[in-house]
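Content type mmCIF, C-alpha atoms, from the file query-v4.cif:
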```cif
data_start
#
loop_
_atom_site.group_PDB
_atom_site.id
_atom_site.type_symbol
_atom_site.label_atom_id
_atom_site.label_comp_id
_atom_site.auth_asym_id
_atom_site.auth_seq_id
_atom_site.Cartn_x
_atom_site.Cartn_y
_atom_site.Cartn_z
ATOM 1 C CA MET V 7 107.220 105.373 162.290
ATOM 2 C CA SER V 8 107.864 102.802 159.558
ATOM 3 C CA ASP V 9 106.780 99.171 159.833
ATOM 4 C CA ASP V 10 110.413 98.132 160.360
ATOM 5 C CA THR V 11 110.817 100.618 163.192
ATOM 6 C CA ASP V 12 107.574 99.471 164.816
ATOM 7 C CA ARG V 13 108.555 95.824 164.552
ATOM 8 C CA HIS V 14 111.979 96.540 166.003
ATOM 9 C CA ALA V 15 110.496 98.505 168.928
ATOM 10 C CA MET V 16 108.023 95.689 169.702
ATOM 11 C CA LYS V 17 110.748 93.050 169.492
ATOM 12 C CA MET V 18 113.040 94.998 171.834
ATOM 13 C CA ALA V 19 110.154 95.635 174.271
ATOM 14 C CA LYS V 20 109.515 91.882 174.464
ATOM 15 C CA LYS V 21 113.209 91.203 174.996
ATOM 16 C CA LYS V 22 113.393 93.820 177.741
ATOM 17 C CA ALA V 23 110.337 92.375 179.515
ATOM 18 C CA ALA V 24 111.827 88.867 179.368
ATOM 19 C CA ARG V 25 115.210 90.107 180.561
ATOM 20 C CA ASP V 26 113.676 92.134 183.409
ATOM 21 C CA LYS V 27 111.758 89.047 184.549
ATOM 22 C CA ILE V 28 114.949 86.978 184.605
ATOM 23 C CA MET V 29 116.876 89.681 186.469
ATOM 24 C CA ALA V 30 114.119 90.063 189.065
ATOM 25 C CA SER V 31 114.597 86.414 190.021
ATOM 26 C CA LYS V 32 118.345 86.850 190.702
ATOM 27 C CA GLU V 33 118.805 88.278 194.167
ATOM 28 C CA GLY V 34 121.518 86.173 195.792
ATOM 29 C CA GLU V 35 125.150 87.171 196.232
ATOM 30 C CA LYS V 36 128.121 85.028 197.176
ATOM 31 C CA GLY V 37 131.863 84.957 196.814
ATOM 32 C CA LEU V 38 132.580 83.091 193.604
ATOM 33 C CA ILE V 39 135.236 80.572 192.641
ATOM 34 C CA ILE V 40 136.129 81.612 189.084
ATOM 35 C CA VAL V 41 138.327 79.579 186.722
ATOM 36 C CA HIS V 42 139.860 80.910 183.497
ATOM 37 C CA THR V 43 141.443 78.060 181.534
ATOM 38 C CA GLY V 44 141.964 76.723 178.028
ATOM 39 C CA PRO V 45 144.676 77.022 175.345
ATOM 40 C CA GLY V 46 143.642 80.475 174.128
ATOM 41 C CA LYS V 47 145.103 83.816 175.161
ATOM 42 C CA GLY V 48 143.350 86.004 177.721
ATOM 43 C CA LYS V 49 143.167 84.023 180.958
ATOM 44 C CA SER V 50 145.426 86.263 183.040
ATOM 45 C CA SER V 51 144.284 89.352 181.129
ATOM 46 C CA SER V 52 140.685 88.639 182.114
ATOM 47 C CA GLY V 53 141.679 88.044 185.733
ATOM 48 C CA PHE V 54 143.503 91.363 185.865
ATOM 49 C CA GLY V 55 140.496 93.061 184.294
ATOM 50 C CA MET V 56 138.456 91.863 187.272
ATOM 51 C CA ILE V 57 141.127 93.109 189.677
ATOM 52 C CA LEU V 58 140.966 96.558 188.048
ATOM 53 C CA ARG V 59 137.186 96.542 188.450
ATOM 54 C CA CYS V 60 137.645 95.867 192.165
ATOM 55 C CA ILE V 61 140.130 98.723 192.412
ATOM 56 C CA ALA V 62 137.676 101.031 190.622
ATOM 57 C CA HIS V 63 135.025 100.110 193.212
ATOM 58 C CA ASP V 64 137.457 100.672 196.137
ATOM 59 C CA MET V 65 137.311 96.954 196.951
ATOM 60 C CA PRO V 66 140.485 95.610 198.583
ATOM 61 C CA CYS V 67 141.980 92.812 196.480
ATOM 62 C CA ALA V 68 145.171 90.841 195.995
ATOM 63 C CA VAL V 69 147.213 89.017 193.369
ATOM 64 C CA VAL V 70 149.499 86.016 193.774
ATOM 65 C CA GLN V 71 151.477 85.109 190.656
ATOM 66 C CA PHE V 72 152.609 81.485 190.652
ATOM 67 C CA ILE V 73 154.725 81.373 187.485
ATOM 68 C CA LYS V 74 155.427 84.824 186.063
ATOM 69 C CA GLY V 75 157.090 86.218 189.161
ATOM 70 C CA ALA V 76 160.410 86.691 187.394
ATOM 71 C CA TRP V 77 158.776 89.002 184.823
ATOM 72 C CA GLN V 78 158.145 92.709 185.353
ATOM 73 C CA THR V 79 154.721 92.797 183.737
ATOM 74 C CA GLY V 80 152.714 95.901 182.897
ATOM 75 C CA GLU V 81 149.914 94.959 185.285
ATOM 76 C CA ARG V 82 152.360 94.505 188.161
ATOM 77 C CA THR V 83 154.034 97.855 187.444
ATOM 78 C CA LEU V 84 150.669 99.638 187.234
ATOM 79 C CA ILE V 85 149.230 98.144 190.408
ATOM 80 C CA GLU V 86 152.347 98.498 192.551
ATOM 81 C CA ALA V 87 152.943 102.092 191.426
ATOM 82 C CA ASN V 88 149.372 103.360 191.708
ATOM 83 C CA PHE V 89 147.073 101.056 193.675
ATOM 84 C CA SER V 90 149.170 99.309 196.310
ATOM 85 C CA GLU V 91 146.870 100.579 199.070
ATOM 86 C CA LEU V 92 143.961 98.670 197.515
ATOM 87 C CA CYS V 93 145.684 95.710 195.865
ATOM 88 C CA GLN V 94 148.431 93.608 197.415
ATOM 89 C CA PHE V 95 150.678 92.056 194.757
ATOM 90 C CA TYR V 96 152.915 89.029 195.321
ATOM 91 C CA ALA V 97 155.049 87.660 192.495
ATOM 92 C CA MET V 98 155.997 84.272 193.920
ATOM 93 C CA GLY V 99 157.023 82.314 190.829
ATOM 94 C CA GLU V 100 160.471 82.102 189.282
ATOM 95 C CA GLY V 101 159.470 81.702 185.655
ATOM 96 C CA PHE V 102 158.159 78.854 183.560
ATOM 97 C CA THR V 103 159.276 75.351 184.485
ATOM 98 C CA TRP V 104 161.496 74.983 181.417
ATOM 99 C CA GLU V 105 163.399 78.102 182.528
ATOM 100 C CA THR V 106 164.197 77.048 186.091
ATOM 101 C CA GLN V 107 164.821 73.376 185.201
ATOM 102 C CA ASP V 108 164.709 72.657 188.916
ATOM 103 C CA LYS V 109 161.595 70.802 190.074
ATOM 104 C CA THR V 110 162.448 71.062 193.766
ATOM 105 C CA ARG V 111 162.781 74.835 193.465
ATOM 106 C CA ASP V 112 159.533 75.077 191.466
ATOM 107 C CA ILE V 113 157.647 73.069 194.082
ATOM 108 C CA ALA V 114 159.035 75.228 196.897
ATOM 109 C CA ALA V 115 158.021 78.426 195.075
ATOM 110 C CA ALA V 116 154.523 77.079 194.401
ATOM 111 C CA LYS V 117 154.041 76.052 198.030
ATOM 112 C CA LYS V 118 155.238 79.439 199.235
ATOM 113 C CA GLY V 119 152.760 81.087 196.857
ATOM 114 C CA TRP V 120 149.933 78.872 198.099
ATOM 115 C CA GLU V 121 150.667 79.742 201.744
ATOM 116 C CA LYS V 122 150.482 83.444 200.847
ATOM 117 C CA ALA V 123 147.279 82.816 198.870
ATOM 118 C CA LYS V 124 145.620 81.121 201.848
ATOM 119 C CA GLU V 125 146.600 84.006 204.124
ATOM 120 C CA LEU V 126 145.054 86.535 201.728
ATOM 121 C CA ILE V 127 141.883 84.515 201.103
ATOM 122 C CA ARG V 128 141.305 84.051 204.832
ATOM 123 C CA ASN V 129 141.352 87.830 205.328
ATOM 124 C CA PRO V 130 137.672 88.888 205.107
ATOM 125 C CA GLU V 131 138.703 92.471 204.298
ATOM 126 C CA ILE V 132 140.043 91.317 200.916
ATOM 127 C CA LYS V 133 137.167 90.934 198.466
ATOM 128 C CA MET V 134 138.948 89.259 195.531
ATOM 129 C CA VAL V 135 142.144 87.221 195.225
ATOM 130 C CA LEU V 136 143.615 86.429 191.813
ATOM 131 C CA LEU V 137 145.752 83.269 191.750
ATOM 132 C CA ASP V 138 147.489 83.849 188.446
ATOM 133 C CA GLU V 139 148.751 80.692 186.665
ATOM 134 C CA ILE V 140 148.005 78.459 189.671
ATOM 135 C CA ASN V 141 146.569 75.892 187.257
ATOM 136 C CA ILE V 142 150.063 75.317 185.881
ATOM 137 C CA ALA V 143 151.372 74.560 189.381
ATOM 138 C CA LEU V 144 148.443 72.185 189.886
ATOM 139 C CA ARG V 145 148.947 70.535 186.487
ATOM 140 C CA TYR V 146 152.541 69.607 187.362
ATOM 141 C CA ASP V 147 151.475 68.483 190.881
ATOM 142 C CA TYR V 148 153.591 71.152 192.548
ATOM 143 C CA LEU V 149 150.491 71.670 194.709
ATOM 144 C CA ASP V 150 148.013 69.055 195.939
ATOM 145 C CA ILE V 151 144.718 69.575 194.113
ATOM 146 C CA ASP V 152 142.765 67.940 196.937
ATOM 147 C CA GLU V 153 144.222 70.410 199.445
ATOM 148 C CA VAL V 154 143.433 73.394 197.213
ATOM 149 C CA VAL V 155 139.862 72.220 196.588
ATOM 150 C CA ALA V 156 139.254 71.481 200.273
ATOM 151 C CA PHE V 157 140.538 74.920 201.284
ATOM 152 C CA LEU V 158 138.412 76.771 198.730
ATOM 153 C CA ARG V 159 135.352 74.724 199.640
ATOM 154 C CA ASP V 160 135.704 74.807 203.431
ATOM 155 C CA GLU V 161 137.735 77.871 204.420
ATOM 156 C CA LYS V 162 137.122 80.603 201.856
ATOM 157 C CA PRO V 163 135.031 83.386 203.450
ATOM 158 C CA GLU V 164 131.489 83.427 202.102
ATOM 159 C CA MET V 165 131.782 86.736 200.232
ATOM 160 C CA THR V 166 135.356 86.446 198.919
ATOM 161 C CA HIS V 167 135.877 85.933 195.186
ATOM 162 C CA VAL V 168 138.833 83.772 194.102
ATOM 163 C CA VAL V 169 139.992 83.750 190.470
ATOM 164 C CA LEU V 170 142.258 80.920 189.309
ATOM 165 C CA THR V 171 143.950 81.130 185.899
ATOM 166 C CA GLY V 172 146.060 78.905 183.697
ATOM 167 C CA ARG V 173 145.743 76.139 181.134
ATOM 168 C CA ASN V 174 144.600 72.622 181.920
ATOM 169 C CA ALA V 175 142.474 73.326 184.985
ATOM 170 C CA LYS V 176 141.970 70.116 186.938
ATOM 171 C CA ASP V 177 138.537 68.490 186.833
ATOM 172 C CA GLU V 178 138.272 68.701 190.621
ATOM 173 C CA LEU V 179 138.672 72.483 190.470
ATOM 174 C CA ILE V 180 136.157 72.857 187.653
ATOM 175 C CA GLU V 181 133.686 70.796 189.668
ATOM 176 C CA ILE V 182 133.648 73.187 192.650
ATOM 177 C CA ALA V 183 133.873 76.409 190.607
ATOM 178 C CA ASP V 184 130.889 78.741 190.213
ATOM 179 C CA LEU V 185 132.119 80.209 186.916
ATOM 180 C CA VAL V 186 134.403 78.502 184.396
ATOM 181 C CA THR V 187 135.522 80.055 181.118
ATOM 182 C CA GLU V 188 137.610 78.159 178.581
ATOM 183 C CA MET V 189 139.611 80.357 176.230
ATOM 184 C CA THR V 190 139.721 78.783 172.757
ATOM 185 C CA LEU V 191 142.738 79.279 170.510
ATOM 186 C CA VAL V 192 141.762 80.252 166.964
ATOM 187 C CA LYS V 193 144.886 82.127 165.837
ATOM 188 C CA HIS V 194 148.029 83.266 167.635
ATOM 189 C CA PRO V 195 150.845 85.455 166.244
ATOM 190 C CA PHE V 196 153.484 83.265 167.916
ATOM 191 C CA ARG V 197 152.754 80.597 165.305
ATOM 192 C CA SER V 198 153.608 83.132 162.587
ATOM 193 C CA GLY V 199 156.982 83.949 164.124
ATOM 194 C CA ILE V 200 155.875 86.982 166.162
ATOM 195 C CA LYS V 201 157.389 87.132 169.647
ATOM 196 C CA GLY V 202 155.491 88.142 172.799
ATOM 197 C CA GLN V 203 155.143 91.907 172.846
ATOM 198 C CA LYS V 204 154.868 94.556 175.539
ATOM 199 C CA GLY V 205 151.264 95.595 176.102
ATOM 200 C CA VAL V 206 149.917 92.366 174.592
ATOM 201 C CA GLU V 207 151.577 89.516 176.482
ATOM 202 C CA PHE V 208 153.086 91.405 179.440
#
```
Go ahead and render the structure in this file as structure tokens.
Amino acid sequence: MSDDTDRHAMKMAKKKAARDKIMASKEGEKGLIIVHTGPGKGKSSSGFGMILRCIAHDMPCAVVQFIKGAWQTGERTLIEANFSELCQFYAMGEGFTWETQDKTRDIAAAKKGWEKAKELIRNPEIKMVLLDEINIALRYDYLDIDEVVAFLRDEKPEMTHVVLTGRNAKDELIEIADLVTEMTLVKHPFRSGIKGQKGVEF
């Protein structure tokens, strides 16, 4: 072997040994509170990716959509048509707040979604619950952040994962979360006059 090949092999062997040592120290498992937030695209997409992983592992899961309920999205069509026995899907929202223009109605829809979310999370048979765009409902105070935090902290079953998506996640939610990812906007086609497209946005 050449010197470069030898050096590469030695470097990778050291990396593997270090990585194996780190992995050997990680033995615990728990149900995670996962937050996907930030101004960039991909928050819901990432959440649905996790739901599809659960489905692939035959893990019962559920989705509650807090805002996009009026849309017939690709992920909803796919799950309801093919995986309804593994994934319960509830589209509880009525669209974005500027579409309904009715705060009372928005609050009622958000509260109805939260009641369904609590029911699903309390069910120990369900291993992951995606609360899609709940951060928007929390941002506009359609839901009480203290109530949501207290429920997740005190009532969520130990091994249940809960994924919460949407911009502007509240500090209180970030504080109790186990995993927080902030999507950063670098470029977006909308700013160049390109509308939301099937397969990309919905």
Please identify all polymer residues within 12 Å of segment 49-53 of chain V, counting all atoms listed in the file, omitting same-chain residues fewer than 6 positions from it, and present them as a PyMOL selection string. chain V and resi 40-43+59-60+67-74+79-82+134-141+167-175+186-191+205-208
Name the residues in contact with segment 116-131 of chain V at a cut-off of 7 Å, using all atoms listed in the file, excluding same-chain residues fewer than 6 positions from it; report them as JSON, numbers by chain. {"V": [66, 70, 72, 98, 99, 143, 148, 149, 162, 163]}
Given the file above and the PyMOL selection byres ((chain V and resi 165) around 6), which residues are selected, and can you give them as a ChimeraX atom specification? /V:36-37,163-164,166
Grab the atom CA of Val155 of chain V to atom CA of Asp112 of chain V distance for me, in Å with one decimal place. 20.5 Å
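As for atom CA of Ala114 of chain V and atom CA of Gly48 of chain V, they are spaced 27.0 Å apart.
Relative to atom CA of Gln94 of chain V, atom CA of His63 of chain V is found at 15.5 Å.
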Starting from the sparse input, extend segment 143-162 of chain V to N, CA and C atoms and give the output as a compact mmCIF listing (two decimals), keeping the file's coordinate frame.
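What follows is the written file out14.txt:
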```
# COMPACT_ATOMS: atom_id res chain seq x y z
N ALA V 143 150.79 75.22 188.21
CA ALA V 143 151.37 74.56 189.38
C ALA V 143 150.59 73.30 189.75
N LEU V 144 149.27 73.36 189.60
CA LEU V 144 148.44 72.18 189.89
C LEU V 144 148.64 71.10 188.83
N ARG V 145 148.77 71.50 187.58
CA ARG V 145 148.95 70.54 186.49
C ARG V 145 150.19 69.69 186.69
N TYR V 146 151.29 70.32 187.15
CA TYR V 146 152.54 69.61 187.36
C TYR V 146 152.64 68.99 188.76
N ASP V 147 151.54 69.05 189.52
CA ASP V 147 151.48 68.48 190.88
C ASP V 147 152.48 69.13 191.83
N TYR V 148 152.78 70.41 191.58
CA TYR V 148 153.59 71.15 192.55
C TYR V 148 152.75 71.46 193.79
N LEU V 149 151.44 71.51 193.61
CA LEU V 149 150.49 71.67 194.71
C LEU V 149 149.52 70.50 194.67
N ASP V 150 148.97 70.15 195.82
CA ASP V 150 148.01 69.06 195.94
C ASP V 150 146.62 69.58 195.60
N ILE V 151 146.03 69.10 194.52
CA ILE V 151 144.72 69.58 194.11
C ILE V 151 143.67 69.34 195.19
N ASP V 152 143.76 68.23 195.89
CA ASP V 152 142.76 67.94 196.94
C ASP V 152 142.84 68.97 198.06
N GLU V 153 144.06 69.40 198.39
CA GLU V 153 144.22 70.41 199.44
C GLU V 153 143.64 71.76 198.98
N VAL V 154 143.93 72.12 197.74
CA VAL V 154 143.43 73.39 197.21
C VAL V 154 141.91 73.40 197.17
N VAL V 155 141.32 72.32 196.67
CA VAL V 155 139.86 72.22 196.59
C VAL V 155 139.24 72.27 197.98
N ALA V 156 139.81 71.51 198.91
CA ALA V 156 139.25 71.48 200.27
C ALA V 156 139.31 72.86 200.92
N PHE V 157 140.41 73.58 200.70
CA PHE V 157 140.54 74.92 201.28
C PHE V 157 139.50 75.87 200.70
N LEU V 158 139.37 75.87 199.38
CA LEU V 158 138.41 76.77 198.73
C LEU V 158 136.98 76.43 199.14
N ARG V 159 136.70 75.15 199.28
CA ARG V 159 135.35 74.72 199.64
C ARG V 159 135.02 75.00 201.11
N ASP V 160 136.00 74.80 201.99
CA ASP V 160 135.70 74.81 203.43
C ASP V 160 136.17 76.06 204.17
N GLU V 161 137.16 76.76 203.66
CA GLU V 161 137.74 77.87 204.42
C GLU V 161 137.57 79.24 203.78
N LYS V 162 137.29 79.30 202.51
CA LYS V 162 137.12 80.60 201.86
C LYS V 162 135.96 81.35 202.49
```
